[in-house]
>>> print(open('target.txt').read())   # compact mmCIF, C-alpha atoms
# COMPACT_ATOMS: atom_id res chain seq x y z
CA MET A 1 -3.71 0.99 21.05
CA LEU A 2 -5.46 1.90 17.77
CA GLN A 3 -2.40 0.80 15.78
CA LYS A 4 -2.48 -2.60 17.48
CA ILE A 5 -6.14 -3.03 16.61
CA LEU A 6 -5.59 -2.02 12.96
CA ASN A 7 -2.66 -4.46 12.64
CA LYS A 8 -4.45 -7.35 14.36
CA THR A 9 -3.99 -10.71 12.61
CA ILE A 10 -4.78 -14.36 13.31
CA THR A 11 -2.12 -17.00 12.61
CA LEU A 12 -3.72 -19.98 10.85
CA CYS A 13 -0.74 -22.20 10.16
CA GLN A 14 2.97 -22.33 9.33
CA ILE A 15 4.37 -23.49 5.99
CA LYS A 16 8.13 -23.99 5.50
CA GLY A 17 8.68 -21.95 8.66
CA ILE A 18 6.56 -19.07 7.27
CA ASP A 19 3.56 -17.91 9.31
CA PHE A 20 0.31 -17.69 7.35
CA LYS A 21 -1.96 -15.02 8.85
CA ILE A 22 -5.42 -13.59 8.26
CA HIS A 23 -5.93 -9.85 8.84
CA TRP A 24 -9.13 -8.82 10.61
CA SER A 25 -10.31 -6.97 7.50
CA PHE A 26 -10.45 -10.27 5.61
CA ILE A 27 -12.99 -11.54 8.16
CA ILE A 28 -15.25 -8.72 6.95
CA VAL A 29 -14.75 -9.93 3.38
CA ILE A 30 -15.75 -13.46 4.42
CA ILE A 31 -18.90 -12.11 6.13
CA LEU A 32 -19.80 -10.14 2.98
CA VAL A 33 -19.18 -13.22 0.84
CA LEU A 34 -21.47 -15.29 3.06
CA PHE A 35 -24.10 -12.54 2.92
CA VAL A 36 -23.98 -12.18 -0.86
CA GLY A 37 -23.66 -15.91 -1.44
CA SER A 38 -26.75 -16.63 0.64
CA ASP A 39 -28.73 -13.78 -0.93
CA GLN A 40 -32.37 -14.71 -1.40
CA TYR A 41 -32.15 -13.88 -5.11
CA LEU A 42 -29.52 -16.55 -5.72
CA ASN A 43 -30.54 -20.15 -6.25
CA LYS A 44 -28.63 -22.96 -4.55
CA GLY A 45 -26.50 -23.58 -7.64
CA GLY A 46 -25.63 -19.89 -7.91
CA SER A 47 -24.62 -19.69 -4.26
CA ARG A 48 -22.43 -22.78 -4.57
CA GLN A 49 -20.64 -21.42 -7.65
CA PHE A 50 -20.17 -18.05 -5.96
CA PHE A 51 -18.45 -19.71 -2.99
CA ILE A 52 -16.31 -21.86 -5.31
CA THR A 53 -15.15 -18.77 -7.20
CA PHE A 54 -14.27 -17.03 -3.93
CA ILE A 55 -12.27 -20.06 -2.75
CA ILE A 56 -10.38 -20.11 -6.07
CA LEU A 57 -9.56 -16.41 -5.64
CA PHE A 58 -8.33 -17.02 -2.09
CA PHE A 59 -6.26 -20.04 -3.16
CA SER A 60 -4.71 -18.13 -6.09
CA VAL A 61 -3.72 -15.17 -3.90
CA PHE A 62 -2.24 -17.52 -1.30
CA ILE A 63 -0.17 -19.45 -3.88
CA HIS A 64 1.01 -16.15 -5.37
CA GLU A 65 2.26 -14.86 -2.01
CA LEU A 66 3.71 -18.24 -1.06
CA GLY A 67 5.80 -18.05 -4.23
CA HIS A 68 7.26 -14.73 -3.07
CA ALA A 69 7.99 -16.01 0.44
CA ILE A 70 9.56 -19.36 -0.51
CA THR A 71 11.71 -17.75 -3.21
CA ALA A 72 12.92 -15.17 -0.69
CA LYS A 73 13.80 -17.92 1.77
CA TYR A 74 15.65 -19.88 -0.93
CA LEU A 75 17.69 -16.76 -1.82
CA GLY A 76 18.65 -16.18 1.80
CA VAL A 77 16.23 -13.29 2.37
CA LYS A 78 14.21 -13.76 5.55
CA PRO A 79 10.44 -13.89 4.96
CA LYS A 80 8.47 -12.61 7.95
CA ASP A 81 4.99 -13.91 7.16
CA ILE A 82 2.13 -13.98 4.67
CA ILE A 83 -0.93 -11.85 5.47
CA ILE A 84 -4.24 -12.10 3.62
CA SER A 85 -6.33 -8.94 4.03
CA ALA A 86 -9.31 -7.25 2.38
CA LEU A 87 -6.88 -5.69 -0.12
CA GLY A 88 -5.35 -9.03 -1.11
CA GLY A 89 -2.19 -10.85 -0.10
CA LEU A 90 1.12 -9.59 1.23
CA ALA A 91 4.33 -11.59 1.73
CA ARG A 92 6.37 -9.55 4.19
CA ILE A 93 10.13 -9.99 3.82
CA GLU A 94 13.20 -8.09 4.95
CA SER A 95 14.33 -5.02 2.98
CA LEU A 96 15.63 -5.61 -0.55
CA LYS A 97 16.88 -2.04 -0.97
CA ASP A 98 20.46 -3.09 -1.77
CA LYS A 99 19.57 -6.41 -3.42
CA PRO A 100 17.97 -5.51 -6.79
CA GLU A 101 18.81 -8.85 -8.45
CA LYS A 102 17.08 -10.74 -5.65
CA GLU A 103 14.15 -8.32 -5.74
CA VAL A 104 13.61 -9.12 -9.44
CA LEU A 105 13.51 -12.85 -8.72
CA ILE A 106 11.35 -12.58 -5.60
CA SER A 107 8.89 -10.14 -7.22
CA SER A 108 8.65 -12.36 -10.31
CA ALA A 109 7.97 -15.51 -8.29
CA GLY A 110 4.35 -14.62 -7.46
CA PRO A 111 3.22 -14.01 -11.06
CA ILE A 112 5.19 -17.10 -12.18
CA MET A 113 3.18 -19.23 -9.73
CA ASN A 114 -0.02 -17.83 -11.27
CA LEU A 115 1.34 -18.54 -14.75
CA ILE A 116 2.10 -22.17 -13.80
CA LEU A 117 -1.46 -22.60 -12.48
CA PHE A 118 -2.85 -21.04 -15.66
CA LEU A 119 -0.77 -23.24 -18.00
CA SER A 120 -1.63 -26.38 -16.00
CA SER A 121 -5.33 -25.51 -16.15
CA LEU A 122 -5.08 -24.69 -19.86
CA PHE A 123 -3.50 -28.09 -20.57
CA TYR A 124 -6.27 -29.84 -18.63
CA VAL A 125 -9.03 -27.86 -20.35
CA LEU A 126 -7.66 -28.29 -23.90
CA VAL A 127 -6.25 -31.82 -23.74
CA ILE A 128 -8.17 -33.71 -21.05
CA SER A 129 -11.63 -32.16 -20.65
CA LYS A 130 -11.60 -30.56 -24.14
CA GLU A 131 -13.63 -27.62 -22.90
CA ASN A 132 -14.19 -24.72 -25.29
CA ILE A 133 -12.11 -21.60 -24.58
CA GLN A 134 -14.44 -18.61 -24.45
CA ILE A 135 -15.27 -15.47 -22.53
CA SER A 136 -18.72 -14.64 -21.19
CA GLU A 137 -20.46 -12.19 -18.90
CA LEU A 138 -19.07 -11.89 -15.36
CA ASN A 139 -22.32 -13.16 -13.80
CA THR A 140 -22.16 -16.31 -15.94
CA PHE A 141 -18.57 -16.90 -14.85
CA ILE A 142 -19.26 -16.42 -11.14
CA TYR A 143 -22.77 -17.77 -10.53
CA THR A 144 -23.24 -20.64 -12.99
CA GLU A 145 -21.74 -24.05 -13.76
CA TYR A 146 -21.23 -23.06 -17.40
CA PHE A 147 -17.45 -23.08 -16.81
CA SER A 148 -15.67 -25.88 -14.97
CA ILE A 149 -13.69 -25.30 -11.78
CA VAL A 150 -10.41 -25.89 -13.63
CA TYR A 151 -11.42 -23.35 -16.27
CA LYS A 152 -12.09 -20.80 -13.52
CA ILE A 153 -8.74 -21.53 -11.88
CA GLY A 154 -7.00 -20.95 -15.21
CA PHE A 155 -8.82 -17.73 -16.07
CA ILE A 156 -8.41 -16.18 -12.60
CA ASN A 157 -4.69 -16.99 -12.51
CA LEU A 158 -4.18 -15.61 -16.01
CA LEU A 159 -5.84 -12.40 -14.82
CA PHE A 160 -3.61 -12.29 -11.72
CA PHE A 161 -0.52 -12.89 -13.87
CA ILE A 162 -1.35 -10.01 -16.24
CA LEU A 163 -2.44 -7.54 -13.55
CA ASN A 164 0.62 -8.16 -11.39
CA LEU A 165 2.98 -7.38 -14.26
CA ILE A 166 1.58 -3.85 -14.66
CA PRO A 167 4.62 -1.61 -13.97
CA ALA A 168 3.08 0.24 -11.02
CA PHE A 169 3.15 -0.15 -7.24
CA PRO A 170 1.74 -2.08 -5.41
CA MET A 171 1.79 -4.64 -8.25
CA ASP A 172 4.86 -6.84 -8.65
CA GLY A 173 5.54 -5.22 -12.02
CA GLY A 174 6.32 -1.95 -10.23
CA ARG A 175 8.85 -3.67 -7.98
CA ILE A 176 10.43 -5.54 -10.88
CA LEU A 177 10.74 -2.27 -12.81
CA ARG A 178 12.31 -0.51 -9.81
CA ALA A 179 14.75 -3.37 -9.26
CA LEU A 180 15.83 -3.48 -12.92
CA LEU A 181 16.35 0.28 -12.99
CA SER A 182 18.18 0.10 -9.66
CA ILE A 183 20.88 -2.17 -11.09
CA ARG A 184 22.05 0.67 -13.37
CA LEU A 185 20.76 3.83 -11.70
CA GLY A 186 20.82 3.03 -7.99
CA ASN A 187 17.85 2.57 -5.67
CA HIS A 188 17.00 6.28 -5.18
CA LYS A 189 16.71 7.21 -8.89
CA ALA A 190 15.05 3.89 -9.70
CA THR A 191 12.37 4.37 -7.04
CA LYS A 192 11.72 7.93 -8.22
CA ILE A 193 11.26 6.83 -11.86
CA ALA A 194 9.17 3.78 -10.94
CA SER A 195 6.98 5.98 -8.72
CA ILE A 196 6.37 8.45 -11.55
CA ILE A 197 5.50 5.64 -13.98
CA GLY A 198 3.17 4.15 -11.38
CA ARG A 199 1.33 7.43 -10.96
CA LEU A 200 1.00 7.83 -14.72
CA VAL A 201 -0.48 4.33 -14.93
CA ALA A 202 -2.89 5.29 -12.13
CA LEU A 203 -3.98 8.40 -14.03
CA PHE A 204 -4.53 6.27 -17.15
CA PHE A 205 -6.72 3.89 -15.11
CA PHE A 206 -8.66 6.87 -13.76
CA VAL A 207 -9.31 8.35 -17.23
CA VAL A 208 -10.44 4.98 -18.63
CA GLY A 209 -12.63 4.38 -15.56
CA ALA A 210 -14.18 7.84 -15.85
CA ILE A 211 -14.82 7.57 -19.60
CA TYR A 212 -16.38 4.10 -19.44
CA ARG A 213 -17.95 4.67 -15.99
CA ILE A 214 -16.17 1.83 -14.20
CA PRO A 215 -16.18 2.66 -10.45
CA GLY A 216 -13.93 -0.30 -9.63
CA LEU A 217 -11.20 0.92 -11.97
CA ILE A 218 -11.40 4.42 -10.51
CA ALA A 219 -10.97 2.95 -7.01
CA VAL A 220 -7.97 0.91 -8.21
CA SER A 221 -6.45 4.03 -9.78
CA ALA A 222 -6.63 5.81 -6.41
CA LEU A 223 -4.95 2.88 -4.64
CA VAL A 224 -2.18 2.62 -7.25
CA TYR A 225 -1.55 6.38 -7.15
CA ILE A 226 -1.33 6.40 -3.34
CA MET A 227 0.98 3.37 -3.24
CA ALA A 228 3.26 4.78 -5.96
CA ALA A 229 3.52 8.12 -4.15
CA ARG A 230 4.08 6.29 -0.85
CA GLU A 231 7.12 4.45 -2.23
CA ALA A 232 8.69 7.76 -3.26
CA ILE A 233 8.02 9.28 0.18
CA ILE A 234 9.51 6.27 1.99
CA ASP A 235 12.60 6.44 -0.21
CA LEU A 236 13.02 10.18 0.47
CA ASN A 237 12.77 9.59 4.21
CA ASP A 238 15.31 6.77 4.06
CA THR A 239 17.69 8.91 2.01
CA ALA A 240 17.37 11.84 4.43
CA GLN A 241 18.28 9.66 7.41
>>> encode(input="target.txt", output="structure tokens")
Amino acid sequence: MLQKILNKTITLCQIKGIDFKIHWSFIIVIILVLFVGSDQYLNKGGSRQFFITFIILFFSVFIHELGHAITAKYLGVKPKDIIISALGGLARIESLKDKPEKEVLISSAGPIMNLILFLSSLFYVLVISKENIQISELNTFIYTEYFSIVYKIGFINLLFFILNLIPAFPMDGGRILRALLSIRLGNHKATKIASIIGRLVALFFFVVGAIYRIPGLIAVSALVYIMAAREAIIDLNDTAQ
């Protein structure tokens, strides 16, 4: 009963035969966004820009996961669905344990979609709108009209592209690394090595977060460490069976 509640999702639509679902935890995120966005300390312009930034984030995550799912379908690997949750997006597909070449392509597809969005936005900003390329405080980026919508799309997708290529689970970079190693070493050794590298990356994040007092980075380090260790445990269980 509890498991069913925790896994509860709502199907919004179907794209190319792939179900697009929202996890219940994402509803909480939407409620928090509405609460923060309508905060009495924000002016109308600030609230509007906050919502726009959130929509761009949602759109970028969706396109990223859609890239995974459609690439999987094209390569003959059955995609189950796409779920958007409080932790981000997840394109669920059948096991790629014995298909490392396909795993490289499928795992790369998400970041490539973000890269395409970034390059398209960059072209528009530099050539058409001729907006200055610059970096500012996070509050300026989120709550003001100082940057155009296209600029925000470009910056957010560049960030997604870079973060997802970090060689640690649950990022795509960890899966790409495991798949590349698997071609020469086999899935078991590759998963073990990729898991160790992922945990080392997590420890690096933790140290940086602790030194510079960045709670968000410390939280990310915990998630990455758990996910990297989880992959190793799953592989051990599969090998033992």
>>> closest_atom_pairs(input="target.txt", of="region 90-151 of chain A", to="region 6-29 of chain A", cutoff="12 Å", atoms="only C-alpha atoms", output="JSON lines")
{"residue": "A:Leu90", "atom": "CA", "partner": "A:Lys21", "partner_atom": "CA", "distance": 9.9}
{"residue": "A:Ala91", "atom": "CA", "partner": "A:Phe20", "partner_atom": "CA", "distance": 9.2}
{"residue": "A:Arg92", "atom": "CA", "partner": "A:Ile18", "partner_atom": "CA", "distance": 10.0}
{"residue": "A:Ile93", "atom": "CA", "partner": "A:Ile18", "partner_atom": "CA", "distance": 10.3}
>>> residues_near_point(input="target.txt", point="(-15.3, -16.9, -20.7)", cutoff="9 Å", atoms="only C-alpha atoms", output="count of residues only")
12
>>> closest_residue(input="target.txt", among="A:Phe51, A:Leu105, A:Asp98, A:Ile214", to="Gly67 (chain A)", atoms="only C-alpha atoms")
A:Leu105
>>> residues_near_point(input="target.txt", point="(6.9, -6.8, -8.0)", cutoff="10 Å", atoms="all atoms listed in the file", output="MDAnalysis selection string")
chainID A and resid 68 103:111 164:179
>>> closest_residue(input="target.txt", among="A:Asn187, A:Val150, A:Phe58, A:Leu126", to="Leu96 (chain A)", atoms="all atoms listed in the file")
A:Asn187
>>> closest_atom_pairs(input="target.txt", of="region 161-210 of chain A", to="region 228-232 of chain A", cutoff="8 Å", atoms="all atoms listed in the file", output="tab-separated table")
residue	atom	partner	partner_atom	distance
A:Ala168	CA	A:Ala228	CA	6.8
A:Phe169	CA	A:Ala228	CA	5.1
A:Pro170	CA	A:Ala228	CA	7.0
A:Thr191	CA	A:Ala232	CA	6.3
A:Lys192	CA	A:Ala232	CA	5.8
A:Ala194	CA	A:Ala228	CA	7.8
A:Ser195	CA	A:Ala228	CA	4.8
A:Ile196	CA	A:Ala228	CA	7.4
A:Gly198	CA	A:Ala228	CA	5.5
A:Arg199	CA	A:Ala228	CA	6.0
>>> write_last_selection(input="target.txt", atoms="C-alpha atoms", output="CSV table (one decimal), in the coordinates of the input")
chain,number,residue,atom,x,y,z
A,168,ALA,CA,3.1,0.2,-11.0
A,169,PHE,CA,3.2,-0.2,-7.2
A,170,PRO,CA,1.7,-2.1,-5.4
A,191,THR,CA,12.4,4.4,-7.0
A,192,LYS,CA,11.7,7.9,-8.2
A,194,ALA,CA,9.2,3.8,-10.9
A,195,SER,CA,7.0,6.0,-8.7
A,196,ILE,CA,6.4,8.4,-11.6
A,198,GLY,CA,3.2,4.2,-11.4
A,199,ARG,CA,1.3,7.4,-11.0
